[in-house]
file protein_0.txt (compact mmCIF, C-alpha atoms)
# COMPACT_ATOMS: atom_id res chain seq x y z
CA MET T 1 -14.06 15.42 -25.97
CA GLY T 2 -13.15 18.89 -24.77
CA ALA T 3 -13.36 17.97 -21.12
CA LEU T 4 -10.16 15.92 -21.22
CA SER T 5 -8.24 17.80 -23.91
CA PHE T 6 -5.99 19.57 -21.42
CA ILE T 7 -4.92 16.20 -19.98
CA ARG T 8 -3.94 14.94 -23.43
CA ASP T 9 -1.57 17.90 -23.75
CA SER T 10 0.57 16.47 -20.96
CA ILE T 11 0.29 12.72 -20.41
CA TRP T 12 -2.49 11.14 -22.45
CA PRO T 13 -2.02 9.77 -26.02
CA ALA T 14 -3.57 11.77 -28.84
CA ASP T 15 -5.85 8.94 -30.03
CA VAL T 16 -7.59 8.47 -26.69
CA VAL T 17 -11.36 8.76 -26.97
CA LEU T 18 -14.00 9.38 -24.35
CA ALA T 19 -16.82 7.00 -23.61
CA ASP T 20 -20.38 8.18 -24.11
CA GLY T 21 -21.74 10.47 -21.45
CA ALA T 22 -18.63 12.60 -20.87
CA PRO T 23 -19.47 16.11 -19.61
CA ALA T 24 -19.31 18.93 -22.11
CA GLU T 25 -17.42 21.30 -19.82
CA ALA T 26 -15.00 20.92 -16.96
CA LYS T 27 -15.72 22.53 -13.63
CA ALA T 28 -13.40 25.19 -12.29
CA TYR T 29 -11.50 24.06 -9.24
CA SER T 30 -8.65 25.52 -7.19
CA LEU T 31 -6.03 22.80 -6.87
CA PRO T 32 -2.55 22.88 -5.32
CA VAL T 33 0.12 21.76 -7.78
CA PRO T 34 2.27 18.77 -6.64
CA GLY T 35 5.69 19.81 -5.42
CA THR T 36 4.55 23.15 -4.01
CA GLU T 37 4.02 24.23 -0.40
CA ALA T 38 0.29 24.39 -1.05
CA TYR T 39 0.31 20.78 -2.17
CA ALA T 40 2.22 19.76 0.96
CA ALA T 41 -0.39 21.55 3.06
CA PHE T 42 -3.10 19.76 1.10
CA LEU T 43 -1.59 16.36 1.93
CA ALA T 44 -1.20 17.36 5.55
CA GLY T 45 -4.94 17.96 5.69
CA VAL T 46 -6.07 14.71 4.03
CA GLY T 47 -7.89 12.74 6.69
CA GLY T 48 -6.80 15.26 9.27
CA SER T 49 -8.70 15.08 12.55
CA GLN T 50 -7.80 15.18 16.21
CA SER T 51 -7.45 11.93 18.14
CA LYS T 52 -8.39 11.39 21.78
CA ALA T 53 -4.71 11.70 22.68
CA GLY T 54 -4.80 15.26 21.35
CA ALA T 55 -2.58 14.60 18.30
CA ASN T 56 -3.86 15.62 14.86
CA VAL T 57 -3.86 12.58 12.55
CA SER T 58 -3.45 13.45 8.86
CA LEU T 59 -2.14 11.38 5.97
CA ARG T 60 1.34 12.83 6.33
CA ASP T 61 1.33 12.35 10.12
CA ALA T 62 0.18 8.73 9.83
CA LEU T 63 2.91 7.86 7.31
CA GLY T 64 5.43 9.26 9.81
CA VAL T 65 4.54 6.53 12.31
CA SER T 66 6.98 3.71 11.66
CA THR T 67 4.47 0.91 12.34
CA VAL T 68 1.88 2.43 9.98
CA PHE T 69 4.43 2.89 7.21
CA ALA T 70 5.82 -0.61 7.74
CA CYS T 71 2.34 -2.19 7.54
CA ILE T 72 1.56 -0.32 4.34
CA ARG T 73 4.90 -1.33 2.83
CA VAL T 74 4.32 -4.99 3.70
CA ILE T 75 0.97 -4.95 1.91
CA ALA T 76 2.05 -2.79 -1.03
CA GLU T 77 5.31 -4.60 -1.74
CA GLY T 78 3.63 -7.97 -1.32
CA LEU T 79 1.04 -7.03 -3.94
CA ALA T 80 3.65 -5.54 -6.26
CA GLN T 81 6.44 -8.11 -6.17
CA VAL T 82 4.51 -10.99 -7.75
CA PRO T 83 3.94 -11.15 -11.54
CA CYS T 84 0.54 -9.96 -12.77
CA LYS T 85 -0.59 -11.91 -15.84
CA ILE T 86 -3.64 -12.36 -18.01
CA TYR T 87 -4.57 -15.89 -19.09
CA GLN T 88 -6.81 -17.20 -21.87
CA ARG T 89 -8.94 -20.27 -21.20
CA THR T 90 -8.58 -23.15 -23.67
CA ASP T 91 -11.16 -25.61 -24.96
CA GLY T 92 -9.64 -28.46 -22.97
CA GLY T 93 -10.27 -26.72 -19.65
CA GLY T 94 -6.73 -25.40 -19.32
CA ARG T 95 -5.33 -21.96 -19.92
CA ILE T 96 -2.38 -20.24 -21.60
CA GLU T 97 -0.70 -16.86 -21.10
CA ALA T 98 -2.50 -14.30 -23.29
CA ARG T 99 0.61 -12.43 -24.41
CA GLU T 100 -1.16 -10.92 -27.43
CA HIS T 101 -3.83 -9.23 -25.35
CA PRO T 102 -3.30 -5.45 -24.86
CA LEU T 103 -3.54 -5.89 -21.08
CA TRP T 104 -0.52 -8.20 -20.98
CA ARG T 105 1.95 -5.36 -21.41
CA LEU T 106 0.03 -3.01 -19.11
CA LEU T 107 -0.27 -5.45 -16.23
CA TYR T 108 3.00 -7.33 -16.59
CA ARG T 109 5.46 -4.64 -17.64
CA ARG T 110 4.43 -1.03 -18.20
CA PRO T 111 0.99 0.31 -17.27
CA ASN T 112 1.86 3.87 -18.33
CA LEU T 113 4.76 5.95 -19.61
CA ALA T 114 6.02 6.83 -16.13
CA GLN T 115 5.80 3.59 -14.12
CA THR T 116 6.77 -0.04 -14.11
CA SER T 117 4.22 -2.69 -13.17
CA PHE T 118 5.82 -2.97 -9.73
CA GLU T 119 5.67 0.78 -9.09
CA PHE T 120 2.09 1.00 -10.34
CA ARG T 121 0.77 -1.80 -8.14
CA GLU T 122 2.81 -0.62 -5.16
CA GLN T 123 1.24 2.85 -5.40
CA VAL T 124 -2.27 1.46 -5.88
CA ALA T 125 -1.84 -0.85 -2.89
CA MET T 126 -0.57 1.99 -0.66
CA HIS T 127 -3.65 4.05 -1.53
CA LEU T 128 -5.88 1.04 -0.94
CA ALA T 129 -4.32 0.03 2.38
CA LEU T 130 -4.45 3.48 4.01
CA ALA T 131 -7.28 5.36 2.29
CA GLY T 132 -9.51 2.34 1.63
CA ASN T 133 -9.94 3.29 -2.05
CA ALA T 134 -7.66 3.29 -5.09
CA PHE T 135 -8.48 4.98 -8.40
CA VAL T 136 -7.02 4.26 -11.84
CA VAL T 137 -8.13 6.08 -15.01
CA ILE T 138 -8.25 3.75 -18.04
CA THR T 139 -7.45 5.38 -21.37
CA ARG T 140 -8.60 3.48 -24.48
CA ASP T 141 -8.13 3.63 -28.25
CA THR T 142 -10.92 3.94 -30.81
CA GLN T 143 -11.68 0.22 -30.54
CA GLY T 144 -12.02 0.45 -26.76
CA ARG T 145 -8.75 -1.37 -26.06
CA PRO T 146 -6.85 -0.10 -22.99
CA LEU T 147 -3.79 2.04 -23.71
CA GLU T 148 -2.71 3.27 -20.27
CA LEU T 149 -3.54 2.82 -16.61
CA LEU T 150 -3.11 6.11 -14.74
CA PRO T 151 -3.38 6.00 -10.92
CA TYR T 152 -4.75 9.04 -9.09
CA GLU T 153 -4.32 9.88 -5.44
CA PRO T 154 -7.53 9.35 -3.46
CA GLY T 155 -7.47 12.98 -2.30
CA PHE T 156 -7.82 14.12 -5.93
CA VAL T 157 -10.86 12.00 -6.76
CA ARG T 158 -14.41 12.85 -5.74
CA PHE T 159 -17.10 10.23 -6.19
CA GLU T 160 -20.80 9.98 -5.37
CA ARG T 161 -23.42 7.25 -5.54
CA GLN T 162 -26.51 8.09 -7.57
CA PRO T 163 -30.15 7.08 -6.89
CA ASP T 164 -29.85 4.30 -9.50
CA LEU T 165 -26.86 2.91 -7.51
CA SER T 166 -24.34 3.93 -10.17
CA VAL T 167 -21.25 5.89 -9.09
CA ARG T 168 -20.01 9.14 -10.67
CA TYR T 169 -16.36 10.19 -10.52
CA TRP T 170 -14.61 13.55 -10.76
CA VAL T 171 -10.83 14.00 -11.02
CA ARG T 172 -8.90 17.14 -10.10
CA THR T 173 -5.72 17.66 -12.10
CA GLU T 174 -2.57 19.74 -11.92
CA LYS T 175 -4.13 22.39 -14.17
CA THR T 176 -6.62 23.50 -11.50
CA ARG T 177 -9.69 21.96 -13.12
CA GLU T 178 -12.14 19.25 -12.16
CA ILE T 179 -13.60 16.92 -14.77
CA GLU T 180 -16.03 14.04 -14.67
CA ILE T 181 -14.63 10.65 -15.65
CA PRO T 182 -17.15 8.13 -17.04
CA ALA T 183 -17.49 5.08 -14.84
CA SER T 184 -16.37 2.94 -17.80
CA MET T 185 -12.98 4.71 -17.69
CA MET T 186 -12.48 4.49 -13.93
CA TRP T 187 -11.01 1.44 -12.23
CA HIS T 188 -12.11 1.83 -8.62
CA ILE T 189 -10.60 -0.71 -6.22
CA ARG T 190 -12.39 -0.78 -2.87
CA GLY T 191 -10.99 -1.93 0.43
CA PRO T 192 -13.13 -3.48 3.18
CA SER T 193 -16.49 -1.76 2.97
CA TRP T 194 -19.60 -1.45 5.10
CA GLU T 195 -21.61 0.34 2.40
CA GLY T 196 -20.42 -1.63 -0.63
CA TRP T 197 -19.72 1.26 -2.99
CA ARG T 198 -16.75 2.79 -1.18
CA GLY T 199 -13.99 1.38 0.99
CA ALA T 200 -13.71 2.23 4.67
CA ASP T 201 -11.24 5.00 5.54
CA LEU T 202 -8.72 3.10 7.65
CA LEU T 203 -6.96 6.31 8.61
CA ALA T 204 -10.16 7.53 10.27
CA LEU T 205 -10.89 4.17 11.92
CA ALA T 206 -7.38 3.88 13.37
CA ARG T 207 -7.21 7.56 14.30
CA ASP T 208 -6.99 7.08 18.07
CA SER T 209 -4.35 4.32 17.93
CA ILE T 210 -2.23 6.29 15.46
CA GLY T 211 -2.83 9.47 17.47
CA LEU T 212 -1.59 7.76 20.63
CA ALA T 213 1.53 6.64 18.76
CA LEU T 214 2.10 10.23 17.63
CA ALA T 215 1.56 11.51 21.16
CA THR T 216 4.08 9.05 22.65
CA GLU T 217 6.63 9.99 19.98
CA SER T 218 6.07 13.66 20.78
CA PHE T 219 6.43 12.92 24.51
CA GLY T 220 9.73 11.09 23.95
CA SER T 221 11.08 13.79 21.64
CA GLU T 222 10.29 16.55 24.11
CA MET T 223 11.71 14.52 26.99
CA PHE T 224 15.07 14.04 25.28
CA ALA T 225 15.09 17.56 23.86
CA ASN T 226 14.88 18.78 27.44
CA GLY T 227 17.71 16.50 28.59
CA THR T 228 15.21 13.89 29.89
CA ARG T 229 14.00 16.53 32.39
CA LEU T 230 10.31 17.25 32.06
CA SER T 231 8.62 20.59 32.51
CA GLY T 232 8.24 22.35 35.84
CA HIS T 233 8.56 25.79 37.39
CA LEU T 234 11.19 27.77 39.28
CA GLU T 235 10.18 29.31 42.59
CA VAL T 236 12.00 32.54 43.47
CA GLU T 237 11.77 34.05 46.95
CA GLY T 238 10.68 37.61 47.34
CA ASN T 239 9.25 39.80 44.59
CA PRO T 240 11.84 39.85 41.76
CA SER T 241 11.55 42.33 38.89
CA PRO T 242 10.59 41.13 35.37
CA GLU T 243 14.22 41.60 34.31
CA VAL T 244 15.48 39.25 37.04
CA VAL T 245 12.82 36.63 36.20
CA ASP T 246 13.73 36.77 32.53
CA ALA T 247 17.43 36.43 33.31
CA ILE T 248 16.83 33.37 35.54
CA ARG T 249 14.71 31.72 32.84
CA LYS T 250 17.32 32.28 30.12
CA GLN T 251 20.13 31.03 32.34
CA TRP T 252 18.20 27.86 33.23
CA THR T 253 17.31 27.12 29.59
CA ALA T 254 20.86 27.67 28.37
CA VAL T 255 22.41 25.35 30.95
CA HIS T 256 19.86 22.58 31.43
CA GLN T 257 17.88 22.18 28.17
CA GLY T 258 19.01 20.10 25.20
CA GLU T 259 20.79 16.82 24.63
CA GLY T 260 24.23 18.36 25.18
CA ASN T 261 23.28 19.41 28.71
CA ARG T 262 21.84 16.07 29.76
CA LEU T 263 22.77 14.91 33.31
CA LYS T 264 24.41 18.22 34.23
CA THR T 265 23.99 19.32 37.83
CA ALA T 266 21.62 22.20 38.42
CA LEU T 267 22.86 25.20 40.40
CA LEU T 268 20.06 27.00 42.19
CA ALA T 269 21.10 30.04 44.17
CA GLY T 270 19.39 32.97 45.80
CA GLY T 271 16.38 31.07 47.08
CA VAL T 272 15.46 29.57 43.68
CA LYS T 273 13.78 26.15 43.80
CA PHE T 274 12.71 23.83 40.94
CA GLN T 275 9.33 22.08 41.15
CA PRO T 276 8.65 19.44 38.42
CA HIS T 277 5.17 19.13 36.92
CA ASP T 278 5.05 15.98 34.84
CA ILE T 279 5.38 12.34 35.69
CA LYS T 280 8.54 10.47 34.80
CA ALA T 281 8.86 8.24 31.75
CA ASP T 282 8.85 5.05 33.80
CA GLU T 283 5.76 6.20 35.68
CA ALA T 284 4.03 6.85 32.36
CA GLN T 285 5.12 3.37 31.15
CA TYR T 286 6.58 5.02 28.09
CA ILE T 287 8.44 1.97 26.75
CA GLU T 288 5.54 -0.38 27.49
CA THR T 289 3.11 1.92 25.67
CA ARG T 290 5.37 2.11 22.63
CA LYS T 291 5.61 -1.68 22.51
CA PHE T 292 1.85 -2.11 22.92
CA LEU T 293 1.07 0.24 20.04
CA VAL T 294 2.93 -1.90 17.48
CA PRO T 295 0.49 -4.88 17.62
CA GLU T 296 -2.41 -2.48 18.19
CA ILE T 297 -1.76 -0.71 14.87
CA CYS T 298 -0.94 -4.00 13.14
CA ARG T 299 -4.41 -5.25 14.04
CA PHE T 300 -6.02 -2.49 11.99
CA PHE T 301 -3.99 -3.48 8.93
CA ARG T 302 -4.26 -7.23 9.65
CA VAL T 303 -0.48 -7.53 9.47
CA MET T 304 1.36 -9.81 11.86
CA PRO T 305 3.76 -7.82 14.09
CA ILE T 306 6.68 -10.04 13.09
CA MET T 307 6.26 -8.78 9.50
CA VAL T 308 7.10 -5.24 10.63
CA GLY T 309 10.12 -6.34 12.69
CA HIS T 310 8.38 -6.68 16.06
CA GLN T 311 9.05 -9.78 18.17
CA ASP T 312 8.21 -10.61 21.76
CA GLY T 313 11.13 -13.04 22.07
CA THR T 314 9.00 -16.17 22.43
CA ALA T 315 8.74 -17.22 18.78
CA ALA T 316 10.88 -20.17 17.63
CA TYR T 317 12.06 -20.80 14.06
CA ALA T 318 9.25 -23.25 13.34
CA SER T 319 6.57 -20.89 14.59
CA ILE T 320 8.05 -17.97 12.63
CA GLU T 321 7.89 -20.07 9.46
CA GLN T 322 4.21 -20.75 10.12
CA MET T 323 3.64 -17.05 10.71
CA PHE T 324 5.07 -16.29 7.26
CA LEU T 325 2.75 -18.88 5.73
CA ALA T 326 -0.20 -17.38 7.63
CA HIS T 327 0.79 -13.92 6.38
CA ARG T 328 0.62 -15.06 2.76
CA THR T 329 -2.75 -16.75 3.33
CA LEU T 330 -4.57 -14.46 5.76
CA THR T 331 -3.05 -11.05 5.04
CA MET T 332 -2.03 -11.05 1.39
CA GLY T 333 -4.57 -13.59 0.10
CA PRO T 334 -7.62 -11.28 0.46
CA TRP T 335 -5.71 -8.35 -1.10
CA PHE T 336 -4.72 -10.51 -4.08
CA GLU T 337 -8.29 -11.67 -4.61
CA ARG T 338 -9.64 -8.13 -4.24
CA PHE T 339 -7.20 -6.82 -6.86
CA GLU T 340 -7.80 -9.67 -9.33
CA GLN T 341 -11.59 -9.56 -9.26
CA SER T 342 -11.66 -5.77 -9.46
CA ALA T 343 -9.25 -5.81 -12.43
CA GLU T 344 -11.37 -8.31 -14.34
CA LEU T 345 -14.53 -6.25 -13.84
CA ALA T 346 -12.92 -2.93 -14.79
CA LEU T 347 -10.50 -3.95 -17.54
CA LEU T 348 -12.24 -6.81 -19.35
CA SER T 349 -15.43 -6.55 -21.37
CA GLU T 350 -18.42 -8.75 -20.63
CA ARG T 351 -17.44 -11.07 -23.47
CA GLU T 352 -13.79 -11.18 -22.45
CA ARG T 353 -14.60 -12.24 -18.88
CA ASP T 354 -15.81 -15.59 -20.23
CA GLU T 355 -12.51 -16.11 -22.05
CA TYR T 356 -9.79 -14.41 -19.97
CA GLU T 357 -8.78 -14.13 -16.33
CA ILE T 358 -6.28 -11.90 -14.52
CA GLU T 359 -4.10 -13.37 -11.81
CA LEU T 360 -1.33 -12.35 -9.42
CA VAL T 361 1.03 -15.34 -9.47
CA GLN T 362 1.22 -15.97 -5.74
CA HIS T 363 3.41 -19.06 -5.78
CA SER T 364 6.41 -16.80 -6.45
CA LEU T 365 6.06 -15.67 -2.81
CA ALA T 366 6.95 -19.13 -1.55
CA GLY T 367 10.35 -18.66 0.03
CA THR T 368 11.86 -22.14 -0.26
CA THR T 369 15.45 -23.30 -0.64
CA ALA T 370 16.88 -24.56 -3.93
CA LYS T 371 16.86 -28.11 -2.53
CA GLU T 372 13.18 -27.89 -1.59
CA ARG T 373 12.26 -26.52 -5.02
CA ALA T 374 14.21 -29.28 -6.75
CA GLU T 375 12.55 -31.98 -4.64
CA THR T 376 9.09 -30.57 -5.35
CA LEU T 377 9.75 -30.48 -9.10
CA ALA T 378 11.14 -34.01 -9.03
CA ILE T 379 7.94 -35.27 -7.41
CA MET T 380 5.86 -33.38 -10.00
CA ARG T 381 7.80 -34.97 -12.86
CA GLN T 382 7.59 -38.39 -11.26
CA ASN T 383 3.81 -38.00 -11.10
CA GLY T 384 3.63 -36.77 -14.69
CA ALA T 385 2.69 -33.18 -13.76
CA ALA T 386 5.81 -31.51 -15.22
CA THR T 387 8.25 -32.02 -18.07
CA GLY T 388 12.01 -31.82 -17.91
CA ASN T 389 11.93 -28.35 -19.48
CA ASP T 390 9.33 -27.25 -16.93
CA MET T 391 11.82 -28.18 -14.23
CA ARG T 392 14.69 -26.37 -15.96
CA GLU T 393 12.64 -23.17 -16.36
CA ALA T 394 11.54 -23.25 -12.73
CA LEU T 395 15.21 -23.44 -11.68
CA ASP T 396 16.21 -20.60 -14.05
CA MET T 397 17.99 -22.96 -16.44
CA PRO T 398 17.73 -22.74 -20.26
CA ARG T 399 15.34 -25.11 -21.99
CA GLY T 400 16.90 -28.22 -23.52
CA THR T 401 16.48 -29.26 -27.14
CA GLU T 402 16.07 -33.00 -26.53
CA ALA T 403 12.57 -34.20 -27.33
CA ILE T 404 12.23 -36.16 -24.11
CA LEU T 405 12.54 -32.93 -22.10
CA ASN T 406 9.18 -31.86 -23.51
CA GLU T 407 7.42 -35.12 -22.62
CA TYR T 408 5.57 -36.09 -19.48
CA THR T 409 7.33 -39.17 -18.12
CA PRO T 410 5.60 -40.45 -14.97
CA ALA T 411 7.20 -43.27 -13.02
CA ALA T 412 6.35 -46.71 -14.40
CA ASN T 413 5.64 -48.11 -10.93
CA LEU T 414 2.89 -45.53 -10.48
CA PHE T 415 1.14 -45.62 -13.84
CA GLY T 416 2.50 -48.74 -15.56
CA PRO T 417 4.94 -49.02 -18.48
CA ARG T 418 4.63 -46.71 -21.49
CA ASP T 419 4.64 -47.97 -25.08
CA ALA T 420 6.62 -46.47 -27.94
CA THR T 421 3.90 -43.90 -28.67
CA GLY T 422 3.87 -42.64 -25.12
CA GLY T 423 0.72 -44.45 -24.04
CA ALA T 424 0.42 -46.79 -21.06
call {"tool": "encode", "arguments": {"input": "protein_0.txt", "output": "structure tokens"}}
result
Amino acid sequence: MGALSFIRDSIWPADVVLADGAPAEAKAYSLPVPGTEAYAAFLAGVGGSQSKAGANVSLRDALGVSTVFACIRVIAEGLAQVPCKIYQRTDGGGRIEAREHPLWRLLYRRPNLAQTSFEFREQVAMHLALAGNAFVVITRDTQGRPLELLPYEPGFVRFERQPDLSVRYWVRTEKTREIEIPASMMWHIRGPSWEGWRGADLLALARDSIGLALATESFGSEMFANGTRLSGHLEVEGNPSPEVVDAIRKQWTAVHQGEGNRLKTALLAGGVKFQPHDIKADEAQYIETRKFLVPEICRFFRVMPIMVGHQDGTAAYASIEQMFLAHRTLTMGPWFERFEQSAELALLSERERDEYEIELVQHSLAGTTAKERAETLAIMRQNGAATGNDMREALDMPRGTEAILNEYTPAANLFGPRDATGGA
């Protein structure tokens, strides 16, 4: 109990209990506090390693690449914008929304005191998409029912697989301590994995592509900062004194460096000559490289370039529509399934898994017009798959009070006439 007492003082409810096996003492750990310079330096070092292009690729650097950030946003917002519901299976083979279950509120509205369901799932998905792992601490009451879902940044969670194939977890908190979290209280969502017990670090796998993007951005920034003139050297005749050399350098920098001095004519007097070193932007295929890197990075995230605003100019309206459908099926579909199955294993007991299921309602992603929705609902009612009130709710209309609006009324030419009791 004492291991987590300091967390309760800040964000955890007082009636939270620990599962069996919690450590008796927390380990001392030096941790940078969020919002401080030390914390910023900590983030800058997460995943930090040098790419082949020479650029250091850390978490902060990667998020600064527009294509990387756009891919993560596409995945995170796609996972967050659909409703997340828990359903209870019925005896007749159907299911109903389990609004009385404690997880309904946590998954559908408010997982913790600080976040909405959208914000919670968006954060979890961002961690999952870039770091390959997402971690959520589950707090429970004395009956084992979940009270809060608290996401932790991957850089603040240490985990190890044991010889018996179980996984142990340690969390570092703002109060400079490290504690062990029982596996029963940790919801660990894994991304694509080679080993099975931890997700692959996408930042490390895409290091060279992201590093090349960073290097090209740095090249462009330096090129324009120097008035589109790349580096070189000044040749001075004779044997000038250090004072003369320094004066020439300062004069050249003041007149010819910076955006405000772009395209100005150089004045070289007294036997001074300028010799450029670097190749020009067109020789380096700067624009072509920037364009190539967009689909290259998108491939790592399995996001279609059109979803991050990149088009090659050849796509027609019909093909774009099919791309959006493919995005929902091939990109978001696996993430939805990964989240749902992981949630059921971590949040439901063994007994509850036979009775309940957790689902991200994907059909809300279907971007159809009002006419198309109305036609689809009309066909469903004609075939006896929807009632009049089902149609009204789907079109954001209030439910009617007439009894017939709650009846299934399939077309007589399809199923035959109905008698007064509603039978055929």
call {"tool": "atom_distance", "arguments": {"input": "protein_0.txt", "atom1": "atom CA of Glu359 of chain T", "atom2": "atom CA of Cys84 of chain T"}}
result
5.8 Å
call {"tool": "atom_distance", "arguments": {"input": "protein_0.txt", "atom1": "atom CA of Glu100 of chain T", "atom2": "atom CA of Leu147 of chain T"}}
result
13.7 Å
call {"tool": "atom_distance", "arguments": {"input": "protein_0.txt", "atom1": "atom CA of Leu347 of chain T", "atom2": "atom CA of Ser184 of chain T"}}
result
9.1 Å
call {"tool": "closest_residue", "arguments": {"input": "protein_0.txt", "among": "T:Leu79, T:Leu202, T:Val171, T:Ala247", "to": "Ala62 of chain T", "atoms": "only C-alpha atoms"}}
result
T:Leu202
call {"tool": "residues_around", "arguments": {"input": "protein_0.txt", "residues": "Thr67 of chain T", "least_positions_apart": "3", "cutoff": "8 Å", "atoms": "all atoms listed in the file", "output": "list in words"}}
result
Ala70, Cys71, Val294, Ile297, Cys298 and Val308 of chain T
call {"tool": "closest_residue", "arguments": {"input": "protein_0.txt", "among": "T:Val137, T:Ile358, T:Leu149, T:Ala343", "to": "Arg95 of chain T", "atoms": "only C-alpha atoms"}}
result
T:Ile358
call {"tool": "closest_residue", "arguments": {"input": "protein_0.txt", "among": "T:Tyr108, T:Ala206, T:Phe69, T:Ala131", "to": "Arg299 of chain T", "atoms": "only C-alpha atoms"}}
result
T:Ala206
call {"tool": "residues_around", "arguments": {"input": "protein_0.txt", "residues": "Glu393 of chain T", "least_positions_apart": "3", "cutoff": "12 Å", "atoms": "only C-alpha atoms", "output": "ChimeraX atom specification"}}
result
/T:373-374,377,386-390,396-400,405-406
call {"tool": "closest_residue", "arguments": {"input": "protein_0.txt", "among": "T:Phe159, T:Trp104, T:Phe118, T:Trp252", "to": "Pro146 of chain T", "atoms": "only C-alpha atoms"}}
result
T:Trp104
call {"tool": "closest_residue", "arguments": {"input": "protein_0.txt", "among": "T:Arg89, T:Arg328, T:Arg110, T:Arg381", "to": "Asp354 of chain T", "atoms": "all atoms listed in the file"}}
result
T:Arg89
call {"tool": "axis_aligned_box", "arguments": {"input": "protein_0.txt", "around": "segment 93-110 of chain T", "padding_each_side": "4 Å", "output": "lines of an AutoDock Vina configuration file"}}
result
center_x = -2.4
center_y = -13.9
center_z = -21.8
size_x = 23.7
size_y = 33.7
size_z = 19.2
call {"tool": "closest_residue", "arguments": {"input": "protein_0.txt", "among": "T:Glu153, T:Ser117, T:Ala129, T:Ile181", "to": "Thr331 of chain T", "atoms": "all atoms listed in the file"}}
result
T:Ala129
